[in-house]
Protein chains: 2
Amino acid sequence: MKKFIDSPATVLDMSLQGFAKAHADIVELSTEPNFIARRQRKQGKVALISGGGSGHEPLHSGFVGYGMLDAACPGQIFTSPTPDQMMAAAEAVEAGAGVLFIVKNYAGDVMNFEMAAEMLDKPNATVLVNDDVSLPKDHAIGRRGVAGTAIVEKIVGAAAEEGYDLLACKALGDRVVRATASMGVALTSCTVPALGHPTFDLAGDEIEMGVGIHGERGRETGKWVSASEIVEQLAGHLFDELMPQAGQGALLHVNGFGATPLVELHLVYELAWQTFNKRGVNIRRSLVGNFTTSLDMAGCSLTLTLLDEEMQRLWDAPVNTAALRWGC
Amino acid sequence: MKKFIDSPATVLDMSLQGFAKAHADIVELSTEPNFIARRQRKQGKVALISGGGSGHEPLHSGFVGYGMLDAACPGQIFTSPTPDQMMAAAEAVEAGAGVLFIVKNYAGDVMNFEMAAEMLDKPNATVLVNDDVSLPKDHAIGRRGVAGTAIVEKIVGAAAEEGYDLLACKALGDRVVRATASMGVALTSCTVPALGHPTFDLAGDEIEMGVGIHGERGRETGKWVSASEIVEQLAGHLFDELMPQAGQGALLHVNGFGATPLVELHLVYELAWQTFNKRGVNIRRSLVGNFTTSLDMAGCSLTLTLLDEEMQRLWDAPVNTAALRWGC
């Protein structure tokens with residue numbers, strides 16, 4: 001296994017040190033336990049905290065900063081962070097208006113954030129993100145939280161910055177989750193450093209439709225056809241899920257899983273834009289790039305968020321993080 | 001070959017359409033011939049134009065916008081753009097103060113930009129970027145232009161925005177080039193769509209030190225050791241080339257070639273920061289991410305630019321492009 005690491009045991013800590021140095025104007029790193037906190041905070045603002053297994057960067061550490069998260073708790077690669085990380089982060093960034101946890105729907109994340117929420121002696125609420133429509137709605141452990149998480153964090157982050165209170169942030173977050181659907185496709189597996197070999201196998205002409213962001217097998221293993229055909233299928237699933245009305249405004253997010261070049265992601269964006277446009281969706285905002293990654297997996301996901309005026313205004317609001325930055 | 005394309009013949013045009021739609025607030029695409037131009041331009045400002053083969057995105061199209069490039073000319077994948085693209089771009093964005101071409105040192109790019117410069121009926125100058133120190137200084141066709149190009153484009157772009165005239169922009173660009181050194185390492189090859197198979201072969205334990213951004217073989221094929229050892233070697237070459245004085249301020253750029261996860265790039269940044277710091281270099285600014293890519297190659301490069309106060313001020317100046325955005 002060739003990876004820029006010295007050993008699987010040190011990769012996360014060394015990477016966090018580098019991240020904190022490279023973005024020292026925006027964030028600071030606390031260790032034992034690990035969390036990344038926003039450097040400039042505001043009294044009386046709802047504190048937004050997210051986190052999850054590492055290996056999905058820039059999610060979540062790259063979204064800490066003005067207009068988005070107040071703190072992120074990075075677990076080991078593809079491993080939930082622990083309640084003590086969440087507690088320490090909450091104690092550090094809570095600013096008198098309570099804490100909103102934004103949690104992707106994975107059993108370990110949900111359990112540990114729940115424990116932290118229970119132990120925390122401050123008003124708090126949780127938004128659970130479950131945007132992955134590759135699993136059925138009635139799936140036993142529910143649908144997974146994937147690339148739509150970044151959209152939730154951006155929109156709710158802007159609201160908190162504007163002074164929305166805890167209940168309003170929670171209600172808005174739930175609303176963005178309901179308006180958001182994602183689905184991905186893998187062309188290759190990823191390789192977890194501690195494992196040292198690919199998580200799953202795909203033949204040279206195979207793809208995994210509905211793959212999860214940790215390399216979970218998806219809806220079906222299919223044959224590679226063409227970009228047009230694959231994008232049409234993914235977009236169709238999002239459309240069927242959200243059932244937008246004719247002329248409905250939306251945000252289209254093409255997310256790379258890590259190893260797919262930007263030249264392909266922009267091509268996917270073009271195809272997705274065409275197919276949604278043909279179906280009467282009015283793509284008003286876009287985000288194209290590697291935002292919710294799966295280490296070195298080749299592949300991408302589409303996320304569609306149906307926008308109302310409030311959500312669009314909050315999407316456009318200034319943000320200053322390592323990975324998303326505008327208006328600041 | 002599994003790639004998100006319908007055919008190698010259409011990948012560039014479809015990708016450019018998607019790029020232009022996703023960033024319609026910043027750029028516009030002209031076709032026949034292809035170029036990406038900044039939407040909001042300023043009369044009396046030196047026009048900065050760059051370009052080169054596609055497959056290195058976000059370089060150069062992602063750097064078009066306020067405070068950076070006025071236009072970018074994308075060739076086919078790993079293929080020089082043509083003089084008619086450069087002429088058309090120059091005619092479109094020249095604003096009364098002449099044109100500065102920023103050109104990476106590759107035979108085809110140099111020849112075609114020279115032809116355009118000769119034919120162009122407007123004052124113009126060229127900055128040649130040759131920051132890749134993996135080839136010796138007296139190499140027959142000179143050193144290649146690689147990830148340092150983005151640094152040149154950012155700093156000169158800010159100067160042009162401030163009103164520097166053509167000669168001043170040219171002199172500044174040459175100065176940044178002299179202050180910049182880069183070197184990369186590949187862990188895997190890339191695959192060019194039209195070729196359909198990897199450009200070169202590396203065994204499971206091999207790396208290519210000094211690789212070029214098109215998968216050109218480098219200084220030597222070596223054995224994988226550890227991230228620390230590889231970063232130490234790369235940083236040593238940059239240090240020996242630039243010979244910074246003790247306490248010298250610098251910008252450290254860790255550039256991913258495409259398939260290397262951000263968690264590894266930040267670890268590389270930490271290692272590089274430590275080794276430069278130990279050698280007395282004062283890392284004042286940083287840039288970590290995939291900026292000058294080689295399609296789906298795994299690997300990364302280090303770039304060091306020695307900063308004077310003027311260069312640091314211009315680096316910090318506002319920029320609003322698809323790939324670099326701050327202060328706007």
# chains A, B, ... in the order shown; residues from 1 in each chain; ligands from 1
>>> interface_residues(of="chain B", to="chain A", cutoff="6 Å", atoms="only C-alpha atoms", output="CSV table (one decimal) with N, CA, C and O atoms, in the first residue's frame")
chain,number,residue,atom,x,y,z
B,4,PHE,N,-16.1,9.0,-16.3
B,4,PHE,CA,-17.4,9.7,-16.6
B,4,PHE,C,-17.3,10.5,-17.8
B,4,PHE,O,-17.2,11.8,-17.8
B,5,ILE,N,-17.2,9.8,-18.9
B,5,ILE,CA,-17.2,10.5,-20.2
B,5,ILE,C,-18.1,9.6,-21.2
B,5,ILE,O,-18.3,8.4,-20.9
B,6,ASP,N,-18.6,10.3,-22.2
B,6,ASP,CA,-19.3,9.5,-23.2
B,6,ASP,C,-18.4,9.0,-24.3
B,6,ASP,O,-18.5,7.9,-24.7
B,14,MET,N,-17.9,19.0,-23.3
B,14,MET,CA,-19.0,18.8,-22.4
B,14,MET,C,-18.6,19.3,-21.0
B,14,MET,O,-19.4,19.9,-20.2
B,15,SER,N,-17.3,19.1,-20.6
B,15,SER,CA,-16.8,19.5,-19.3
B,15,SER,C,-16.8,21.0,-19.3
B,15,SER,O,-17.2,21.6,-18.2
B,18,GLY,N,-20.2,22.4,-18.6
B,18,GLY,CA,-20.6,22.2,-17.2
B,18,GLY,C,-19.9,23.2,-16.3
B,18,GLY,O,-20.5,23.8,-15.5
B,19,PHE,N,-18.6,23.4,-16.6
B,19,PHE,CA,-17.8,24.4,-15.8
B,19,PHE,C,-18.4,25.8,-15.9
B,19,PHE,O,-18.6,26.5,-14.9
B,22,ALA,N,-21.7,26.0,-14.0
B,22,ALA,CA,-21.6,25.9,-12.5
B,22,ALA,C,-21.0,27.2,-12.0
B,22,ALA,O,-21.1,27.5,-10.8
B,57,GLU,N,-7.1,20.5,-14.2
B,57,GLU,CA,-8.1,21.3,-13.5
B,57,GLU,C,-7.9,21.2,-12.0
B,57,GLU,O,-7.7,20.1,-11.5
B,226,SER,N,8.6,5.9,3.2
B,226,SER,CA,7.6,6.4,4.1
B,226,SER,C,7.3,7.8,3.7
B,226,SER,O,8.1,8.4,3.0
B,227,ALA,N,6.2,8.4,4.2
B,227,ALA,CA,5.9,9.8,3.8
B,227,ALA,C,7.0,10.7,4.3
B,227,ALA,O,7.5,11.6,3.5
B,258,GLY,N,-4.4,14.5,-8.0
B,258,GLY,CA,-5.8,14.1,-8.3
B,258,GLY,C,-6.4,13.1,-7.4
B,258,GLY,O,-7.4,13.2,-6.9
B,259,ALA,N,-5.7,11.9,-7.3
B,259,ALA,CA,-6.3,10.8,-6.6
B,259,ALA,C,-5.8,10.6,-5.1
B,259,ALA,O,-6.1,9.7,-4.5
B,261,PRO,N,-5.9,11.5,-1.3
B,261,PRO,CA,-6.9,12.2,-0.4
B,261,PRO,C,-6.3,13.4,0.3
B,261,PRO,O,-5.1,13.4,0.6
B,262,LEU,N,-7.2,14.3,0.7
B,262,LEU,CA,-6.9,15.5,1.4
B,262,LEU,C,-6.2,15.1,2.8
B,262,LEU,O,-5.4,15.8,3.3
B,263,VAL,N,-6.7,14.0,3.4
B,263,VAL,CA,-6.1,13.6,4.7
B,263,VAL,C,-4.6,13.4,4.5
B,263,VAL,O,-3.8,13.7,5.4
B,264,GLU,N,-4.2,12.8,3.4
B,264,GLU,CA,-2.7,12.6,3.1
B,264,GLU,C,-2.0,13.9,2.8
B,264,GLU,O,-0.9,14.2,3.2
B,266,HIS,N,-2.7,16.9,3.8
B,266,HIS,CA,-2.5,17.7,5.0
B,266,HIS,C,-1.3,17.1,5.9
B,266,HIS,O,-0.6,17.8,6.5
B,267,LEU,N,-1.2,15.8,5.8
B,267,LEU,CA,-0.1,15.1,6.5
B,267,LEU,C,1.2,15.5,5.8
B,267,LEU,O,2.2,15.8,6.5
B,269,TYR,N,1.7,18.2,4.3
B,269,TYR,CA,2.0,19.6,4.6
B,269,TYR,C,2.6,19.7,6.0
B,269,TYR,O,3.6,20.5,6.2
B,270,GLU,N,2.2,18.9,6.9
B,270,GLU,CA,2.7,18.9,8.3
B,270,GLU,C,4.2,18.5,8.2
B,270,GLU,O,5.1,19.2,8.8
B,286,SER,N,0.1,29.4,3.1
B,286,SER,CA,0.0,28.0,2.6
B,286,SER,C,-1.1,27.8,1.6
B,286,SER,O,-2.1,28.6,1.6
B,295,LEU,N,-5.0,14.5,-14.1
B,295,LEU,CA,-6.1,13.6,-14.2
B,295,LEU,C,-6.3,12.8,-12.9
B,295,LEU,O,-6.4,13.4,-11.8
B,296,ASP,N,-6.2,11.5,-13.0
B,296,ASP,CA,-6.4,10.6,-11.8
B,296,ASP,C,-5.1,10.0,-11.2
B,296,ASP,O,-5.1,9.0,-10.6
B,327,GLY,N,-11.5,37.1,0.5
B,327,GLY,CA,-11.5,38.5,0.5
B,327,GLY,C,-12.6,39.2,-0.4
B,327,GLY,O,-12.6,40.4,-0.4
B,328,CYS,N,-13.4,38.4,-1.1
B,328,CYS,CA,-14.4,39.0,-2.0
B,328,CYS,C,-15.8,38.6,-1.5
B,328,CYS,O,-16.0,37.6,-1.0
>>> select_by_dssp(residues="segment 43-292 of chain A", states="alpha helix (DSSP H)", output="number ranges by chain")
A: 83-93, 107-119, 148-162, 166-178, 227-242, 262-278
>>> atom_distance(atom1="atom CA of Ala150 of chain A", atom2="atom CA of Gln85 of chain A")
20.5 Å
>>> select_by_dssp(residues="segment 127-299 of chain A", states="strand (DSSP E)", output="VMD selection string")
chain A and resid 127 to 129 180 to 186 206 to 209 220 to 223 249 to 256 282 to 289 299
>>> atom_distance(atom1="atom CA of Leu251 of chain B", atom2="atom CA of Gly184 of chain B")
16.5 Å
>>> atom_distance(atom1="atom CA of Thr180 of chain B", atom2="atom CA of Ala125 of chain B")
20.0 Å
>>> residues_around(residues="Thr126 of chain B", least_positions_apart="6", cutoff="6 Å", atoms="only C-alpha atoms", output="JSON, numbers by chain")
{"B": [100, 101, 102]}
>>> decode(residues="segment 75-109 of chain A", atoms="N, CA, C and O atoms", output="PDB file, in the first residue's frame")
ATOM      1  N   GLY A  75     -13.307  11.549  13.977  1.00  0.00           N
ATOM      2  CA  GLY A  75     -12.952  10.215  14.451  1.00  0.00           C
ATOM      3  C   GLY A  75     -11.774   9.675  13.655  1.00  0.00           C
ATOM      4  O   GLY A  75     -11.288  10.328  12.730  1.00  0.00           O
ATOM      5  N   GLN A  76     -11.295   8.492  14.037  1.00  0.00           N
ATOM      6  CA  GLN A  76     -10.305   7.834  13.191  1.00  0.00           C
ATOM      7  C   GLN A  76     -10.934   7.574  11.822  1.00  0.00           C
ATOM      8  O   GLN A  76     -12.128   7.797  11.626  1.00  0.00           O
ATOM      9  N   ILE A  77     -10.120   7.123  10.863  1.00  0.00           N
ATOM     10  CA  ILE A  77     -10.629   6.916   9.500  1.00  0.00           C
ATOM     11  C   ILE A  77     -11.853   5.998   9.517  1.00  0.00           C
ATOM     12  O   ILE A  77     -11.785   4.871   9.999  1.00  0.00           O
ATOM     13  N   PHE A  78     -12.957   6.488   8.987  1.00  0.00           N
ATOM     14  CA  PHE A  78     -14.216   5.747   8.861  1.00  0.00           C
ATOM     15  C   PHE A  78     -14.697   5.201  10.214  1.00  0.00           C
ATOM     16  O   PHE A  78     -15.361   4.154  10.265  1.00  0.00           O
ATOM     17  N   THR A  79     -14.386   5.904  11.302  1.00  0.00           N
ATOM     18  CA  THR A  79     -14.751   5.462  12.656  1.00  0.00           C
ATOM     19  C   THR A  79     -15.385   6.640  13.386  1.00  0.00           C
ATOM     20  O   THR A  79     -14.862   7.755  13.336  1.00  0.00           O
ATOM     21  N   SER A  80     -16.471   6.402  14.086  1.00  0.00           N
ATOM     22  CA  SER A  80     -17.165   7.497  14.777  1.00  0.00           C
ATOM     23  C   SER A  80     -16.259   8.187  15.781  1.00  0.00           C
ATOM     24  O   SER A  80     -15.438   7.538  16.429  1.00  0.00           O
ATOM     25  N   PRO A  81     -16.428   9.490  15.918  1.00  0.00           N
ATOM     26  CA  PRO A  81     -15.774  10.172  17.036  1.00  0.00           C
ATOM     27  C   PRO A  81     -16.451   9.733  18.340  1.00  0.00           C
ATOM     28  O   PRO A  81     -17.526   9.137  18.314  1.00  0.00           O
ATOM     29  N   THR A  82     -15.829  10.036  19.464  1.00  0.00           N
ATOM     30  CA  THR A  82     -16.331   9.579  20.763  1.00  0.00           C
ATOM     31  C   THR A  82     -17.058  10.713  21.482  1.00  0.00           C
ATOM     32  O   THR A  82     -16.819  11.898  21.198  1.00  0.00           O
ATOM     33  N   PRO A  83     -17.927  10.369  22.413  1.00  0.00           N
ATOM     34  CA  PRO A  83     -18.700  11.403  23.122  1.00  0.00           C
ATOM     35  C   PRO A  83     -17.814  12.439  23.816  1.00  0.00           C
ATOM     36  O   PRO A  83     -18.196  13.612  23.896  1.00  0.00           O
ATOM     37  N   ASP A  84     -16.636  12.020  24.302  1.00  0.00           N
ATOM     38  CA  ASP A  84     -15.801  13.014  24.993  1.00  0.00           C
ATOM     39  C   ASP A  84     -15.298  14.089  24.021  1.00  0.00           C
ATOM     40  O   ASP A  84     -15.111  15.242  24.408  1.00  0.00           O
ATOM     41  N   GLN A  85     -15.107  13.728  22.757  1.00  0.00           N
ATOM     42  CA  GLN A  85     -14.749  14.756  21.761  1.00  0.00           C
ATOM     43  C   GLN A  85     -15.882  15.762  21.607  1.00  0.00           C
ATOM     44  O   GLN A  85     -15.670  16.971  21.549  1.00  0.00           O
ATOM     45  N   MET A  86     -17.105  15.233  21.510  1.00  0.00           N
ATOM     46  CA  MET A  86     -18.262  16.109  21.290  1.00  0.00           C
ATOM     47  C   MET A  86     -18.510  16.996  22.517  1.00  0.00           C
ATOM     48  O   MET A  86     -18.843  18.172  22.381  1.00  0.00           O
ATOM     49  N   MET A  87     -18.337  16.406  23.704  1.00  0.00           N
ATOM     50  CA  MET A  87     -18.514  17.180  24.944  1.00  0.00           C
ATOM     51  C   MET A  87     -17.480  18.302  25.024  1.00  0.00           C
ATOM     52  O   MET A  87     -17.806  19.443  25.349  1.00  0.00           O
ATOM     53  N   ALA A  88     -16.226  17.955  24.744  1.00  0.00           N
ATOM     54  CA  ALA A  88     -15.159  18.954  24.836  1.00  0.00           C
ATOM     55  C   ALA A  88     -15.379  20.069  23.817  1.00  0.00           C
ATOM     56  O   ALA A  88     -15.195  21.257  24.116  1.00  0.00           O
ATOM     57  N   ALA A  89     -15.786  19.689  22.607  1.00  0.00           N
ATOM     58  CA  ALA A  89     -16.054  20.696  21.578  1.00  0.00           C
ATOM     59  C   ALA A  89     -17.200  21.597  22.007  1.00  0.00           C
ATOM     60  O   ALA A  89     -17.141  22.830  21.870  1.00  0.00           O
ATOM     61  N   ALA A  90     -18.249  20.994  22.546  1.00  0.00           N
ATOM     62  CA  ALA A  90     -19.419  21.772  22.965  1.00  0.00           C
ATOM     63  C   ALA A  90     -19.062  22.739  24.091  1.00  0.00           C
ATOM     64  O   ALA A  90     -19.458  23.906  24.079  1.00  0.00           O
ATOM     65  N   GLU A  91     -18.294  22.254  25.062  1.00  0.00           N
ATOM     66  CA  GLU A  91     -17.875  23.129  26.160  1.00  0.00           C
ATOM     67  C   GLU A  91     -17.060  24.309  25.617  1.00  0.00           C
ATOM     68  O   GLU A  91     -17.150  25.432  26.109  1.00  0.00           O
ATOM     69  N   ALA A  92     -16.260  24.045  24.592  1.00  0.00           N
ATOM     70  CA  ALA A  92     -15.368  25.092  24.059  1.00  0.00           C
ATOM     71  C   ALA A  92     -16.112  26.140  23.248  1.00  0.00           C
ATOM     72  O   ALA A  92     -15.771  27.322  23.305  1.00  0.00           O
ATOM     73  N   VAL A  93     -17.126  25.747  22.505  1.00  0.00           N
ATOM     74  CA  VAL A  93     -17.703  26.698  21.541  1.00  0.00           C
ATOM     75  C   VAL A  93     -19.113  27.161  21.894  1.00  0.00           C
ATOM     76  O   VAL A  93     -19.643  28.072  21.243  1.00  0.00           O
ATOM     77  N   GLU A  94     -19.736  26.558  22.890  1.00  0.00           N
ATOM     78  CA  GLU A  94     -21.077  27.003  23.257  1.00  0.00           C
ATOM     79  C   GLU A  94     -20.992  28.467  23.670  1.00  0.00           C
ATOM     80  O   GLU A  94     -20.078  28.868  24.398  1.00  0.00           O
ATOM     81  N   ALA A  95     -21.916  29.283  23.202  1.00  0.00           N
ATOM     82  CA  ALA A  95     -21.779  30.731  23.388  1.00  0.00           C
ATOM     83  C   ALA A  95     -23.049  31.359  23.928  1.00  0.00           C
ATOM     84  O   ALA A  95     -23.395  32.491  23.593  1.00  0.00           O
ATOM     85  N   GLY A  96     -23.771  30.569  24.742  1.00  0.00           N
ATOM     86  CA  GLY A  96     -24.926  31.133  25.420  1.00  0.00           C
ATOM     87  C   GLY A  96     -26.250  30.912  24.721  1.00  0.00           C
ATOM     88  O   GLY A  96     -27.300  31.305  25.232  1.00  0.00           O
ATOM     89  N   ALA A  97     -26.215  30.283  23.526  1.00  0.00           N
ATOM     90  CA  ALA A  97     -27.461  30.082  22.788  1.00  0.00           C
ATOM     91  C   ALA A  97     -27.699  28.610  22.471  1.00  0.00           C
ATOM     92  O   ALA A  97     -28.540  28.264  21.645  1.00  0.00           O
ATOM     93  N   GLY A  98     -26.928  27.724  23.124  1.00  0.00           N
ATOM     94  CA  GLY A  98     -27.139  26.289  22.915  1.00  0.00           C
ATOM     95  C   GLY A  98     -26.324  25.724  21.765  1.00  0.00           C
ATOM     96  O   GLY A  98     -25.616  26.456  21.065  1.00  0.00           O
ATOM     97  N   VAL A  99     -26.449  24.418  21.618  1.00  0.00           N
ATOM     98  CA  VAL A  99     -25.638  23.672  20.644  1.00  0.00           C
ATOM     99  C   VAL A  99     -26.553  22.903  19.699  1.00  0.00           C
ATOM    100  O   VAL A  99     -27.470  22.205  20.145  1.00  0.00           O
ATOM    101  N   LEU A 100     -26.285  23.018  18.408  1.00  0.00           N
ATOM    102  CA  LEU A 100     -26.967  22.163  17.435  1.00  0.00           C
ATOM    103  C   LEU A 100     -25.958  21.170  16.885  1.00  0.00           C
ATOM    104  O   LEU A 100     -24.946  21.560  16.289  1.00  0.00           O
ATOM    105  N   PHE A 101     -26.236  19.886  17.110  1.00  0.00           N
ATOM    106  CA  PHE A 101     -25.399  18.832  16.531  1.00  0.00           C
ATOM    107  C   PHE A 101     -25.949  18.454  15.155  1.00  0.00           C
ATOM    108  O   PHE A 101     -27.161  18.249  15.011  1.00  0.00           O
ATOM    109  N   ILE A 102     -25.071  18.392  14.165  1.00  0.00           N
ATOM    110  CA  ILE A 102     -25.480  17.929  12.835  1.00  0.00           C
ATOM    111  C   ILE A 102     -24.818  16.579  12.614  1.00  0.00           C
ATOM    112  O   ILE A 102     -23.588  16.478  12.575  1.00  0.00           O
ATOM    113  N   VAL A 103     -25.632  15.536  12.500  1.00  0.00           N
ATOM    114  CA  VAL A 103     -25.145  14.155  12.580  1.00  0.00           C
ATOM    115  C   VAL A 103     -25.576  13.374  11.343  1.00  0.00           C
ATOM    116  O   VAL A 103     -26.754  13.361  10.988  1.00  0.00           O
ATOM    117  N   LYS A 104     -24.626  12.716  10.717  1.00  0.00           N
ATOM    118  CA  LYS A 104     -24.958  11.824   9.606  1.00  0.00           C
ATOM    119  C   LYS A 104     -25.514  10.513  10.182  1.00  0.00           C
ATOM    120  O   LYS A 104     -25.027  10.021  11.202  1.00  0.00           O
ATOM    121  N   ASN A 105     -26.490   9.947   9.520  1.00  0.00           N
ATOM    122  CA  ASN A 105     -27.156   8.767  10.072  1.00  0.00           C
ATOM    123  C   ASN A 105     -26.339   7.482   9.903  1.00  0.00           C
ATOM    124  O   ASN A 105     -26.540   6.725   8.954  1.00  0.00           O
ATOM    125  N   TYR A 106     -25.425   7.265  10.846  1.00  0.00           N
ATOM    126  CA  TYR A 106     -24.695   6.003  10.980  1.00  0.00           C
ATOM    127  C   TYR A 106     -24.815   5.603  12.438  1.00  0.00           C
ATOM    128  O   TYR A 106     -24.729   6.474  13.323  1.00  0.00           O
ATOM    129  N   ALA A 107     -24.966   4.324  12.702  1.00  0.00           N
ATOM    130  CA  ALA A 107     -25.273   3.847  14.051  1.00  0.00           C
ATOM    131  C   ALA A 107     -24.298   4.402  15.091  1.00  0.00           C
ATOM    132  O   ALA A 107     -24.711   4.924  16.132  1.00  0.00           O
ATOM    133  N   GLY A 108     -22.987   4.305  14.806  1.00  0.00           N
ATOM    134  CA  GLY A 108     -21.994   4.755  15.784  1.00  0.00           C
ATOM    135  C   GLY A 108     -22.056   6.252  16.024  1.00  0.00           C
ATOM    136  O   GLY A 108     -22.015   6.718  17.169  1.00  0.00           O
ATOM    137  N   ASP A 109     -22.162   7.018  14.950  1.00  0.00           N
ATOM    138  CA  ASP A 109     -22.262   8.479  15.089  1.00  0.00           C
ATOM    139  C   ASP A 109     -23.496   8.846  15.899  1.00  0.00           C
ATOM    140  O   ASP A 109     -23.441   9.674  16.823  1.00  0.00           O
TER     141      ASP A 109
END
